[in-house]
>>> print(open('entry-v5.cif').read())   # mmCIF, C-alpha atoms
data_run
loop_
_atom_site.group_PDB
_atom_site.id
_atom_site.type_symbol
_atom_site.label_atom_id
_atom_site.label_comp_id
_atom_site.auth_asym_id
_atom_site.auth_seq_id
_atom_site.Cartn_x
_atom_site.Cartn_y
_atom_site.Cartn_z
ATOM 1 C CA MET D 1 16.104 67.169 -200.167
ATOM 2 C CA PHE D 2 15.984 69.061 -196.900
ATOM 3 C CA TYR D 3 14.710 72.525 -197.798
ATOM 4 C CA GLY D 4 16.530 72.332 -201.093
ATOM 5 C CA THR D 5 19.720 70.877 -199.622
ATOM 6 C CA GLU D 6 20.792 67.428 -200.740
ATOM 7 C CA LEU D 7 22.691 65.424 -198.143
ATOM 8 C CA ASN D 8 24.817 62.487 -199.168
ATOM 9 C CA ASN D 9 25.400 61.425 -195.597
ATOM 10 C CA ARG D 10 22.097 60.885 -193.818
ATOM 11 C CA LEU D 11 23.386 60.964 -190.271
ATOM 12 C CA MET D 12 22.709 64.172 -188.388
ATOM 13 C CA LEU D 13 24.867 64.308 -185.294
ATOM 14 C CA GLY D 14 24.361 66.042 -181.972
ATOM 15 C CA THR D 15 27.346 67.710 -180.324
ATOM 16 C CA ALA D 16 26.561 67.304 -176.617
ATOM 17 C CA GLN D 17 27.933 64.997 -173.904
ATOM 18 C CA TYR D 18 31.213 63.987 -175.558
ATOM 19 C CA PRO D 19 34.111 63.175 -173.233
ATOM 20 C CA SER D 20 36.202 65.978 -174.749
ATOM 21 C CA PRO D 21 36.096 68.562 -177.560
ATOM 22 C CA GLN D 22 38.747 66.600 -179.440
ATOM 23 C CA ILE D 23 36.649 63.438 -179.338
ATOM 24 C CA LEU D 24 33.711 65.440 -180.652
ATOM 25 C CA ARG D 25 35.864 66.732 -183.500
ATOM 26 C CA ASP D 26 37.065 63.235 -184.318
ATOM 27 C CA ALA D 27 33.543 61.785 -184.119
ATOM 28 C CA ILE D 28 32.202 64.382 -186.531
ATOM 29 C CA GLN D 29 35.000 63.585 -188.927
ATOM 30 C CA ALA D 30 34.703 59.816 -188.582
ATOM 31 C CA SER D 31 30.962 59.902 -189.182
ATOM 32 C CA GLY D 32 31.248 62.044 -192.290
ATOM 33 C CA THR D 33 28.119 63.856 -191.142
ATOM 34 C CA GLU D 34 27.165 67.005 -193.009
ATOM 35 C CA VAL D 35 24.768 68.352 -190.376
ATOM 36 C CA ILE D 36 25.450 68.887 -186.683
ATOM 37 C CA THR D 37 23.034 70.147 -184.065
ATOM 38 C CA VAL D 38 23.910 72.781 -181.507
ATOM 39 C CA SER D 39 22.110 74.804 -178.879
ATOM 40 C CA LEU D 40 22.216 78.292 -177.431
ATOM 41 C CA ARG D 41 23.133 78.737 -173.835
ATOM 42 C CA ARG D 42 24.457 81.369 -171.520
ATOM 43 C CA GLU D 43 28.062 82.078 -172.479
ATOM 44 C CA GLY D 44 30.405 79.749 -170.582
ATOM 45 C CA PRO D 45 34.179 79.432 -170.247
ATOM 46 C CA GLN D 46 34.662 77.172 -173.272
ATOM 47 C CA GLY D 47 32.525 79.176 -175.664
ATOM 48 C CA GLU D 48 35.289 80.311 -177.974
ATOM 49 C CA GLY D 49 36.767 76.845 -178.465
ATOM 50 C CA PHE D 50 33.373 75.481 -179.387
ATOM 51 C CA ARG D 51 32.811 78.215 -181.955
ATOM 52 C CA ASP D 52 36.145 77.316 -183.568
ATOM 53 C CA LEU D 53 35.150 73.663 -183.580
ATOM 54 C CA LEU D 54 31.890 74.442 -185.360
ATOM 55 C CA ARG D 55 33.663 76.527 -187.957
ATOM 56 C CA ASP D 56 36.375 73.927 -188.552
ATOM 57 C CA SER D 57 33.869 71.084 -188.908
ATOM 58 C CA GLY D 58 32.649 72.429 -192.234
ATOM 59 C CA CYS D 59 29.221 71.059 -191.336
ATOM 60 C CA ARG D 60 25.923 72.732 -191.838
ATOM 61 C CA ILE D 61 24.602 73.862 -188.450
ATOM 62 C CA LEU D 62 21.146 72.858 -187.266
ATOM 63 C CA PRO D 63 20.494 74.918 -184.136
ATOM 64 C CA ASN D 64 17.900 73.577 -181.739
ATOM 65 C CA THR D 65 15.441 75.025 -179.275
ATOM 66 C CA ALA D 66 16.114 72.251 -176.765
ATOM 67 C CA GLY D 67 14.778 72.890 -173.308
ATOM 68 C CA CYS D 68 12.054 75.277 -174.451
ATOM 69 C CA HIS D 69 8.625 74.575 -172.996
ATOM 70 C CA THR D 70 6.613 77.453 -174.444
ATOM 71 C CA VAL D 71 5.961 78.968 -177.856
ATOM 72 C CA GLN D 72 7.507 82.246 -176.728
ATOM 73 C CA GLU D 73 10.732 80.600 -175.532
ATOM 74 C CA ALA D 74 11.087 78.556 -178.688
ATOM 75 C CA VAL D 75 10.395 81.455 -181.043
ATOM 76 C CA THR D 76 12.817 83.779 -179.229
ATOM 77 C CA THR D 77 15.486 81.075 -179.190
ATOM 78 C CA ALA D 78 14.989 80.452 -182.910
ATOM 79 C CA HIS D 79 15.490 84.128 -183.686
ATOM 80 C CA MET D 80 18.644 84.250 -181.580
ATOM 81 C CA ALA D 81 19.944 81.127 -183.327
ATOM 82 C CA ARG D 82 19.249 82.516 -186.774
ATOM 83 C CA GLU D 83 21.301 85.587 -186.003
ATOM 84 C CA ILE D 84 24.244 83.736 -184.474
ATOM 85 C CA PHE D 85 24.497 80.929 -187.017
ATOM 86 C CA ASP D 86 23.247 82.869 -190.008
ATOM 87 C CA THR D 87 20.969 80.003 -191.051
ATOM 88 C CA PRO D 88 17.200 79.748 -191.526
ATOM 89 C CA TRP D 89 17.342 76.137 -190.284
ATOM 90 C CA ILE D 90 15.916 75.467 -186.844
ATOM 91 C CA LYS D 91 15.310 72.194 -185.066
ATOM 92 C CA LEU D 92 12.133 73.100 -183.280
ATOM 93 C CA GLU D 93 11.619 71.421 -179.936
ATOM 94 C CA VAL D 94 8.822 72.475 -177.634
ATOM 95 C CA ILE D 95 8.878 70.066 -174.739
ATOM 96 C CA GLY D 96 5.600 69.109 -173.117
ATOM 97 C CA HIS D 97 6.682 66.793 -170.354
ATOM 98 C CA ALA D 98 9.818 66.844 -168.238
ATOM 99 C CA ASP D 99 10.109 63.063 -167.784
ATOM 100 C CA THR D 100 9.408 61.854 -171.300
ATOM 101 C CA LEU D 101 10.647 65.000 -173.088
ATOM 102 C CA GLN D 102 7.668 64.382 -175.309
ATOM 103 C CA PRO D 103 6.896 67.301 -177.621
ATOM 104 C CA ASP D 104 3.896 69.487 -176.833
ATOM 105 C CA PRO D 105 2.125 69.146 -180.198
ATOM 106 C CA PHE D 106 -0.150 72.158 -179.725
ATOM 107 C CA ALA D 107 2.651 74.565 -178.870
ATOM 108 C CA LEU D 108 4.838 72.933 -181.532
ATOM 109 C CA VAL D 109 2.352 73.618 -184.324
ATOM 110 C CA GLU D 110 1.820 77.180 -183.149
ATOM 111 C CA ALA D 111 5.550 77.890 -182.943
ATOM 112 C CA ALA D 112 6.089 76.245 -186.347
ATOM 113 C CA ARG D 113 3.436 78.482 -187.900
ATOM 114 C CA ILE D 114 5.034 81.625 -186.479
ATOM 115 C CA LEU D 115 8.541 80.614 -187.540
ATOM 116 C CA CYS D 116 7.658 79.342 -191.029
ATOM 117 C CA SER D 117 5.806 82.559 -191.806
ATOM 118 C CA ASP D 118 8.902 84.434 -190.690
ATOM 119 C CA GLY D 119 11.145 82.660 -193.188
ATOM 120 C CA PHE D 120 12.548 79.901 -190.995
ATOM 121 C CA GLU D 121 13.086 76.419 -192.376
ATOM 122 C CA VAL D 122 11.699 74.390 -189.533
ATOM 123 C CA PHE D 123 12.697 70.836 -188.581
ATOM 124 C CA PRO D 124 10.002 70.018 -186.011
ATOM 125 C CA TYR D 125 10.687 67.395 -183.368
ATOM 126 C CA THR D 126 7.336 65.629 -183.240
ATOM 127 C CA THR D 127 5.698 62.292 -182.534
ATOM 128 C CA GLU D 128 4.425 59.743 -185.048
ATOM 129 C CA ASP D 129 0.939 61.298 -184.855
ATOM 130 C CA LEU D 130 -0.342 61.760 -188.396
ATOM 131 C CA ILE D 131 -2.644 64.680 -187.671
ATOM 132 C CA VAL D 132 0.055 66.630 -185.882
ATOM 133 C CA GLY D 133 2.254 65.929 -188.902
ATOM 134 C CA GLU D 134 -0.451 67.259 -191.222
ATOM 135 C CA LYS D 135 -0.808 70.420 -189.135
ATOM 136 C CA LEU D 136 2.950 70.956 -189.214
ATOM 137 C CA ILE D 137 2.967 70.642 -192.992
ATOM 138 C CA GLU D 138 0.049 73.081 -193.200
ATOM 139 C CA ALA D 139 2.049 75.440 -190.984
ATOM 140 C CA GLY D 140 4.789 75.418 -193.612
ATOM 141 C CA CYS D 141 7.177 72.670 -192.491
ATOM 142 C CA GLN D 142 8.790 70.758 -195.346
ATOM 143 C CA VAL D 143 10.482 68.202 -193.096
ATOM 144 C CA LEU D 144 9.146 66.222 -190.132
ATOM 145 C CA MET D 145 11.248 64.692 -187.383
ATOM 146 C CA PRO D 146 9.329 62.016 -185.489
ATOM 147 C CA TRP D 147 10.908 60.570 -182.377
ATOM 148 C CA GLY D 148 12.057 56.985 -182.341
ATOM 149 C CA ALA D 149 11.795 56.866 -178.543
ATOM 150 C CA PRO D 150 12.223 59.393 -175.720
ATOM 151 C CA ILE D 151 15.367 61.520 -176.031
ATOM 152 C CA GLY D 152 18.455 59.812 -174.677
ATOM 153 C CA SER D 153 16.645 56.546 -173.926
ATOM 154 C CA GLY D 154 18.338 54.400 -176.575
ATOM 155 C CA GLN D 155 15.204 52.321 -177.044
ATOM 156 C CA GLY D 156 15.185 52.536 -180.824
ATOM 157 C CA LEU D 157 11.970 52.589 -182.829
ATOM 158 C CA ARG D 158 9.497 52.106 -179.998
ATOM 159 C CA HIS D 159 6.462 52.445 -182.258
ATOM 160 C CA ALA D 160 7.823 50.949 -185.430
ATOM 161 C CA GLU D 161 4.461 50.131 -186.976
ATOM 162 C CA ALA D 162 3.152 53.649 -186.373
ATOM 163 C CA LEU D 163 6.333 55.031 -187.910
ATOM 164 C CA ARG D 164 5.836 52.754 -190.906
ATOM 165 C CA THR D 165 2.340 54.172 -191.319
ATOM 166 C CA MET D 166 3.722 57.681 -191.016
ATOM 167 C CA ARG D 167 6.301 56.966 -193.696
ATOM 168 C CA ALA D 168 3.574 55.764 -196.040
ATOM 169 C CA HIS D 169 1.278 58.673 -195.207
ATOM 170 C CA PHE D 170 3.785 61.452 -195.876
ATOM 171 C CA GLU D 171 5.047 60.301 -199.228
ATOM 172 C CA GLY D 172 7.574 62.722 -200.630
ATOM 173 C CA ILE D 173 8.077 64.596 -197.337
ATOM 174 C CA PRO D 174 11.552 64.121 -195.878
ATOM 175 C CA LEU D 175 11.208 62.344 -192.533
ATOM 176 C CA VAL D 176 14.044 62.231 -190.039
ATOM 177 C CA ILE D 177 14.040 59.917 -187.051
ATOM 178 C CA ASP D 178 15.093 62.158 -184.198
ATOM 179 C CA ALA D 179 15.862 60.877 -180.743
ATOM 180 C CA GLY D 180 15.794 57.573 -178.938
ATOM 181 C CA ILE D 181 18.206 55.695 -181.185
ATOM 182 C CA GLY D 182 20.675 53.594 -179.214
ATOM 183 C CA ALA D 183 22.310 51.220 -181.690
ATOM 184 C CA PRO D 184 23.379 51.297 -185.332
ATOM 185 C CA SER D 185 21.013 48.414 -186.101
ATOM 186 C CA GLN D 186 18.084 50.607 -185.048
ATOM 187 C CA ALA D 187 19.263 53.409 -187.310
ATOM 188 C CA ALA D 188 19.689 50.956 -190.180
ATOM 189 C CA ARG D 189 16.158 49.721 -189.617
ATOM 190 C CA ALA D 190 14.783 53.259 -189.824
ATOM 191 C CA MET D 191 16.567 53.789 -193.119
ATOM 192 C CA GLU D 192 15.375 50.418 -194.447
ATOM 193 C CA MET D 193 11.833 51.561 -193.655
ATOM 194 C CA GLY D 194 12.353 54.519 -195.937
ATOM 195 C CA PHE D 195 13.159 57.302 -193.519
ATOM 196 C CA ASP D 196 15.402 59.925 -195.029
ATOM 197 C CA ALA D 197 17.836 60.512 -192.197
ATOM 198 C CA VAL D 198 18.538 59.794 -188.549
ATOM 199 C CA LEU D 199 19.453 62.399 -185.962
ATOM 200 C CA LEU D 200 21.184 61.159 -182.859
ATOM 201 C CA ASN D 201 23.556 62.241 -180.134
ATOM 202 C CA THR D 202 23.717 60.204 -176.939
ATOM 203 C CA ALA D 203 24.319 56.842 -178.621
ATOM 204 C CA VAL D 204 27.567 58.180 -180.072
ATOM 205 C CA ALA D 205 28.619 60.565 -177.305
ATOM 206 C CA ARG D 206 28.130 57.999 -174.540
ATOM 207 C CA ALA D 207 29.691 55.044 -176.317
ATOM 208 C CA LEU D 208 32.938 53.750 -174.845
ATOM 209 C CA ASP D 209 34.591 54.841 -178.079
ATOM 210 C CA PRO D 210 32.497 57.630 -179.577
ATOM 211 C CA VAL D 211 34.666 57.968 -182.672
ATOM 212 C CA ALA D 212 34.279 54.310 -183.602
ATOM 213 C CA MET D 213 30.562 54.450 -182.814
ATOM 214 C CA ALA D 214 30.143 57.517 -185.025
ATOM 215 C CA ARG D 215 31.673 55.544 -187.870
ATOM 216 C CA ALA D 216 29.478 52.530 -187.086
ATOM 217 C CA PHE D 217 26.338 54.643 -187.259
ATOM 218 C CA ALA D 218 27.383 56.211 -190.545
ATOM 219 C CA LEU D 219 27.953 52.751 -192.032
ATOM 220 C CA ALA D 220 24.640 51.413 -190.706
ATOM 221 C CA ILE D 221 22.707 54.384 -192.021
ATOM 222 C CA ALA D 222 24.340 54.112 -195.426
ATOM 223 C CA ALA D 223 23.567 50.381 -195.481
ATOM 224 C CA GLY D 224 19.947 50.945 -194.538
ATOM 225 C CA GLN D 225 19.555 53.634 -197.155
ATOM 226 C CA GLU D 226 21.044 51.432 -199.851
ATOM 227 C CA ALA D 227 18.855 48.517 -198.764
ATOM 228 C CA HIS D 228 15.731 50.625 -198.983
ATOM 229 C CA GLY D 229 16.690 51.694 -202.472
ATOM 230 C CA ALA D 230 17.398 48.104 -203.434
ATOM 231 C CA GLY D 231 13.964 46.932 -202.289
ATOM 232 C CA LEU D 232 13.641 44.450 -199.444
ATOM 233 C CA MET D 233 12.168 41.038 -200.085
ATOM 234 C CA PRO D 234 8.726 40.366 -198.609
ATOM 235 C CA VAL D 235 8.608 38.461 -195.328
ATOM 236 C CA ARG D 236 7.113 34.932 -195.569
ATOM 237 C CA ASP D 237 5.551 32.740 -192.922
ATOM 238 C CA MET D 238 6.974 29.495 -194.362
ATOM 239 C CA ALA D 239 10.321 28.374 -195.653
ATOM 240 C CA GLN D 240 10.962 28.475 -199.355
ATOM 241 C CA ALA D 241 14.085 26.660 -200.532
ATOM 242 C CA SER D 242 16.526 28.973 -202.177
ATOM 243 C CA THR D 243 18.513 26.128 -203.759
ATOM 244 C CA PRO D 244 16.700 24.542 -206.739
ATOM 245 C CA ILE D 245 15.445 20.972 -206.251
ATOM 246 C CA PHE D 246 15.608 20.217 -209.967
ATOM 247 C CA GLY D 247 18.626 18.136 -210.966
ATOM 248 C CA MET D 248 19.287 16.688 -207.563
ATOM 249 C CA GLY D 249 20.973 13.275 -207.531
ATOM 250 C CA VAL D 250 19.208 10.286 -205.983
ATOM 251 C CA LEU D 251 21.524 9.294 -203.220
ATOM 252 C CA GLY D 252 19.370 7.455 -200.679
ATOM 253 C CA MET I 1 20.894 100.408 -162.148
ATOM 254 C CA ARG I 2 20.161 96.867 -161.129
ATOM 255 C CA ILE I 3 19.279 94.329 -163.810
ATOM 256 C CA ASP I 4 19.247 90.553 -164.275
ATOM 257 C CA LEU I 5 21.968 89.339 -166.606
ATOM 258 C CA ASN I 6 21.705 85.676 -167.523
ATOM 259 C CA GLY I 7 19.737 85.047 -164.376
ATOM 260 C CA THR I 8 22.135 86.848 -162.045
ATOM 261 C CA PRO I 9 21.336 90.224 -160.501
ATOM 262 C CA ILE I 10 24.058 92.760 -161.327
ATOM 263 C CA GLU I 11 24.665 96.469 -160.907
ATOM 264 C CA THR I 12 25.472 98.087 -164.228
ATOM 265 C CA GLY I 13 26.423 101.502 -165.490
ATOM 266 C CA ALA I 14 25.395 100.556 -169.038
ATOM 267 C CA ALA I 15 22.548 102.566 -170.517
ATOM 268 C CA THR I 16 21.926 100.301 -173.494
ATOM 269 C CA LEU I 17 22.222 96.641 -174.423
ATOM 270 C CA ALA I 18 25.263 97.455 -176.566
ATOM 271 C CA ASP I 19 26.947 99.201 -173.625
ATOM 272 C CA LEU I 20 26.199 96.228 -171.402
ATOM 273 C CA ILE I 21 27.810 93.827 -173.850
ATOM 274 C CA THR I 22 30.953 95.959 -173.889
ATOM 275 C CA GLU I 23 30.924 96.451 -170.121
ATOM 276 C CA GLN I 24 30.613 92.712 -169.464
ATOM 277 C CA ASN I 25 33.265 91.781 -172.042
ATOM 278 C CA PHE I 26 31.039 89.704 -174.265
ATOM 279 C CA GLU I 27 32.184 89.182 -177.815
ATOM 280 C CA ALA I 28 29.481 91.226 -179.547
ATOM 281 C CA ALA I 29 29.560 89.279 -182.819
ATOM 282 C CA SER I 30 29.335 85.862 -181.151
ATOM 283 C CA VAL I 31 26.327 86.358 -178.935
ATOM 284 C CA ALA I 32 22.606 86.844 -179.382
ATOM 285 C CA THR I 33 20.551 88.929 -177.009
ATOM 286 C CA ALA I 34 17.062 88.994 -175.573
ATOM 287 C CA LEU I 35 15.498 91.647 -173.391
ATOM 288 C CA ASP I 36 12.581 90.663 -171.178
ATOM 289 C CA GLY I 37 12.075 87.487 -173.208
ATOM 290 C CA THR I 38 12.070 89.216 -176.593
ATOM 291 C CA PHE I 39 14.825 88.783 -179.158
ATOM 292 C CA ILE I 40 16.815 91.959 -179.791
ATOM 293 C CA PRO I 41 18.696 91.835 -183.107
ATOM 294 C CA ARG I 42 22.302 92.985 -183.320
ATOM 295 C CA ASP I 43 21.387 96.230 -185.045
ATOM 296 C CA ALA I 44 18.865 97.130 -182.330
ATOM 297 C CA ARG I 45 21.197 96.864 -179.354
ATOM 298 C CA ASN I 46 21.073 100.616 -178.782
ATOM 299 C CA ARG I 47 17.830 99.806 -176.995
ATOM 300 C CA PRO I 48 17.887 101.469 -173.530
ATOM 301 C CA LEU I 49 17.925 99.260 -170.447
ATOM 302 C CA HIS I 50 15.557 99.819 -167.572
ATOM 303 C CA PRO I 51 15.898 98.897 -163.902
ATOM 304 C CA GLY I 52 14.887 95.277 -163.391
ATOM 305 C CA ALA I 53 15.434 94.399 -167.074
ATOM 306 C CA ARG I 54 15.943 90.701 -167.729
ATOM 307 C CA VAL I 55 18.775 90.370 -170.208
ATOM 308 C CA GLU I 56 19.883 87.110 -171.759
ATOM 309 C CA VAL I 57 23.159 86.894 -173.650
ATOM 310 C CA LEU I 58 23.471 83.510 -175.344
ATOM 311 C CA SER I 59 26.096 81.852 -177.479
ATOM 312 C CA PRO I 60 26.583 78.503 -179.253
ATOM 313 C CA MET I 61 26.828 75.492 -177.008
ATOM 314 C CA GLN I 62 26.822 71.746 -177.412
ATOM 315 C CA GLY I 63 23.377 70.378 -178.214
ATOM 316 C CA GLY I 64 21.571 67.366 -179.575
#
>>> encode(input="entry-v5.cif", output="structure tokens")
Amino acid sequence: MFYGTELNNRLMLGTAQYPSPQILRDAIQASGTEVITVSLRREGPQGEGFRDLLRDSGCRILPNTAGCHTVQEAVTTAHMAREIFDTPWIKLEVIGHADTLQPDPFALVEAARILCSDGFEVFPYTTEDLIVGEKLIEAGCQVLMPWGAPIGSGQGLRHAEALRTMRAHFEGIPLVIDAGIGAPSQAARAMEMGFDAVLLNTAVARALDPVAMARAFALAIAAGQEAHGAGLMPVRDMAQASTPIFGMGVLG
Amino acid sequence: MRIDLNGTPIETGAATLADLITEQNFEAASVATALDGTFIPRDARNRPLHPGARVEVLSPMQGG
């Protein structure tokens, strides 16, 4: 449950960088996603068409504060987003470094505290740091969104073991892998590890065929989710024959 | 008076944020506004502008 909302489809899809609005529409549909992320920017020439697209998609909107570097910027952007989209949901990004787009955890926690106390339902873009996660929960967040790898890098789960620890540490808290996913196999792995959803954009938008890739991600995420539920077998160091030896004929 | 609208200096005859939105042909229901870095809700757009005001008028855009 994400702030009381159950999602059947656990892919959250970004809406930027698609070759055309129609391809974005088709990718949203092909993926079956229920949540799409959007931003707020100075009104441009294609603003109206995009608003229609959002409305037609039928998806729940998760506005972001992408590009914000300070608490003040992020909080103001969140308020503007809440008014425009009429949703308490906000994907809170407070960027700390221009090259890595790594979140600034101090500003993030402060902004989260301000927004949560003002009735926002905050989806904080964070790292796999457990203490930062704790502080975000204390601030009122009911979901955490650790990065897989730097935004747009396509590296997958760069710190998989740390993410595994995070998953175990925050039992019962919905965790969404946000950013850095490049391939469906990486998304499937996150879901197999017990993460609750995957948020991605570039891997679909920049694929040669974004619509097909959107579908591929949806399938991978569903597979990973089902696999986690089914319980993965433990890894062994040595072989163990799966075919019984008993009853074998003597042929040599 | 001279103000900054979305980062561009303009000369405006608008006395309030609401007037500015009309003057600049923004779709009032589809935009959110900030004045000098502070969010101004829709129902508070009668706020007077001052010379040098920094106004941001934002709307939904593609994002990840």
>>> atom_distance(input="entry-v5.cif", atom1="atom CA of Glu192 of chain D", atom2="atom CA of Thr126 of chain D")
20.5 Å
>>> closest_atom_pairs(input="entry-v5.cif", of="chain I", to="chain D", cutoff="9 Å", atoms="all atoms listed in the file", output="tab-separated table")
residue	atom	partner	partner_atom	distance
I:Asn6	CA	D:Arg42	CA	6.5
I:Phe26	CA	D:Glu43	CA	8.4
I:Ala29	CA	D:Ile84	CA	7.9
I:Ser30	CA	D:Ile84	CA	6.4
I:Val31	CA	D:Ile84	CA	6.5
I:Ala32	CA	D:Met80	CA	5.2
I:Thr33	CA	D:Met80	CA	6.8
I:Ala34	CA	D:Thr76	CA	7.7
I:Gly37	CA	D:Thr76	CA	7.1
I:Thr38	CA	D:Thr76	CA	6.1
I:Phe39	CA	D:Thr76	CA	5.4
I:Ile40	CA	D:Met80	CA	8.1
I:Pro41	CA	D:Glu83	CA	7.4
I:Arg42	CA	D:Glu83	CA	7.9
I:Glu56	CA	D:Arg42	CA	7.3
I:Val57	CA	D:Arg42	CA	6.1
I:Leu58	CA	D:Arg42	CA	4.5
I:Ser59	CA	D:Leu40	CA	5.3
I:Pro60	CA	D:Leu40	CA	4.7
I:Met61	CA	D:Ser39	CA	5.1
I:Gln62	CA	D:Ala16	CA	4.5
I:Gly63	CA	D:Val38	CA	4.1
I:Gly64	CA	D:Gly14	CA	3.9
>>> resolve_selection(input="entry-v5.cif", expression="the PyMOL selection byres ((chain D and resi 97-114) around 6)", output="list of chain:residue names")
D:Val71, D:Val94, D:Ile95, D:Gly96, D:Leu115, D:Cys116, D:Ser117, D:Thr126, D:Leu136, D:Ala139, D:Pro150
>>> residues_around(input="entry-v5.cif", residues="Ala197 of chain D", least_positions_apart="5", cutoff="8 Å", atoms="all atoms listed in the file", output="number ranges by chain")
D: 10-12, 175-177, 191, 221
>>> resolve_selection(input="entry-v5.cif", expression="the PyMOL selection byres ((chain D and resi 142) around 9)", output="number ranges by chain")
D: 2-3, 121-123, 136-137, 140-141, 143-144, 173-174
>>> write_last_selection(input="entry-v5.cif", atoms="C-alpha atoms", output="compact mmCIF listing (two decimals), in the frame of the given file")
# COMPACT_ATOMS: atom_id res chain seq x y z
CA PHE D 2 15.98 69.06 -196.90
CA TYR D 3 14.71 72.53 -197.80
CA GLU D 121 13.09 76.42 -192.38
CA VAL D 122 11.70 74.39 -189.53
CA PHE D 123 12.70 70.84 -188.58
CA LEU D 136 2.95 70.96 -189.21
CA ILE D 137 2.97 70.64 -192.99
CA GLY D 140 4.79 75.42 -193.61
CA CYS D 141 7.18 72.67 -192.49
CA VAL D 143 10.48 68.20 -193.10
CA LEU D 144 9.15 66.22 -190.13
CA ILE D 173 8.08 64.60 -197.34
CA PRO D 174 11.55 64.12 -195.88
>>> residues_around(input="entry-v5.cif", residues="Arg47 of chain I", least_positions_apart="5", cutoff="10 Å", atoms="all atoms listed in the file", output="mmCIF file with C-alpha atoms, keeping the file's coordinate frame")
data_model
loop_
_atom_site.group_PDB
_atom_site.id
_atom_site.type_symbol
_atom_site.label_atom_id
_atom_site.label_comp_id
_atom_site.auth_asym_id
_atom_site.auth_seq_id
_atom_site.Cartn_x
_atom_site.Cartn_y
_atom_site.Cartn_z
ATOM 1 C CA ALA I 15 22.548 102.566 -170.517
ATOM 2 C CA THR I 16 21.926 100.301 -173.494
ATOM 3 C CA LEU I 17 22.222 96.641 -174.423
ATOM 4 C CA ALA I 18 25.263 97.455 -176.566
ATOM 5 C CA ASP I 19 26.947 99.201 -173.625
ATOM 6 C CA LEU I 35 15.498 91.647 -173.391
ATOM 7 C CA ILE I 40 16.815 91.959 -179.791
#
>>> atom_distance(input="entry-v5.cif", atom1="atom CA of Gln186 of chain D", atom2="atom CA of Ala162 of chain D")
15.3 Å
>>> resolve_selection(input="entry-v5.cif", expression="the PyMOL selection byres ((chain I and resi 54) around 7)", output="compact mmCIF listing (two decimals) with C-alpha atoms, keeping the file's coordinate frame")
# COMPACT_ATOMS: atom_id res chain seq x y z
CA ILE I 3 19.28 94.33 -163.81
CA ASP I 4 19.25 90.55 -164.28
CA LEU I 5 21.97 89.34 -166.61
CA LEU I 35 15.50 91.65 -173.39
CA ASP I 36 12.58 90.66 -171.18
CA GLY I 52 14.89 95.28 -163.39
CA ALA I 53 15.43 94.40 -167.07
CA VAL I 55 18.77 90.37 -170.21
CA GLU I 56 19.88 87.11 -171.76
>>> atom_distance(input="entry-v5.cif", atom1="atom CA of Gly7 of chain I", atom2="atom CA of Leu49 of chain I")
15.6 Å
>>> closest_residue(input="entry-v5.cif", among="D:Ser185, D:Ser57, D:Gly49, D:Val198", to="Leu7 of chain D", atoms="all atoms listed in the file")
D:Val198
>>> residues_around(input="entry-v5.cif", residues="segment 206-213 of chain D", least_positions_apart="4", cutoff="7 Å", atoms="all atoms listed in the file", output="list of chain:residue names")
D:Tyr18, D:Ile23, D:Asp26, D:Ala27, D:Ala30, D:Thr202, D:Phe217
>>> closest_residue(input="entry-v5.cif", among="D:Ala205, D:Cys68, D:Leu92, D:Met145", to="Arg25 of chain D", atoms="all atoms listed in the file")
D:Ala205
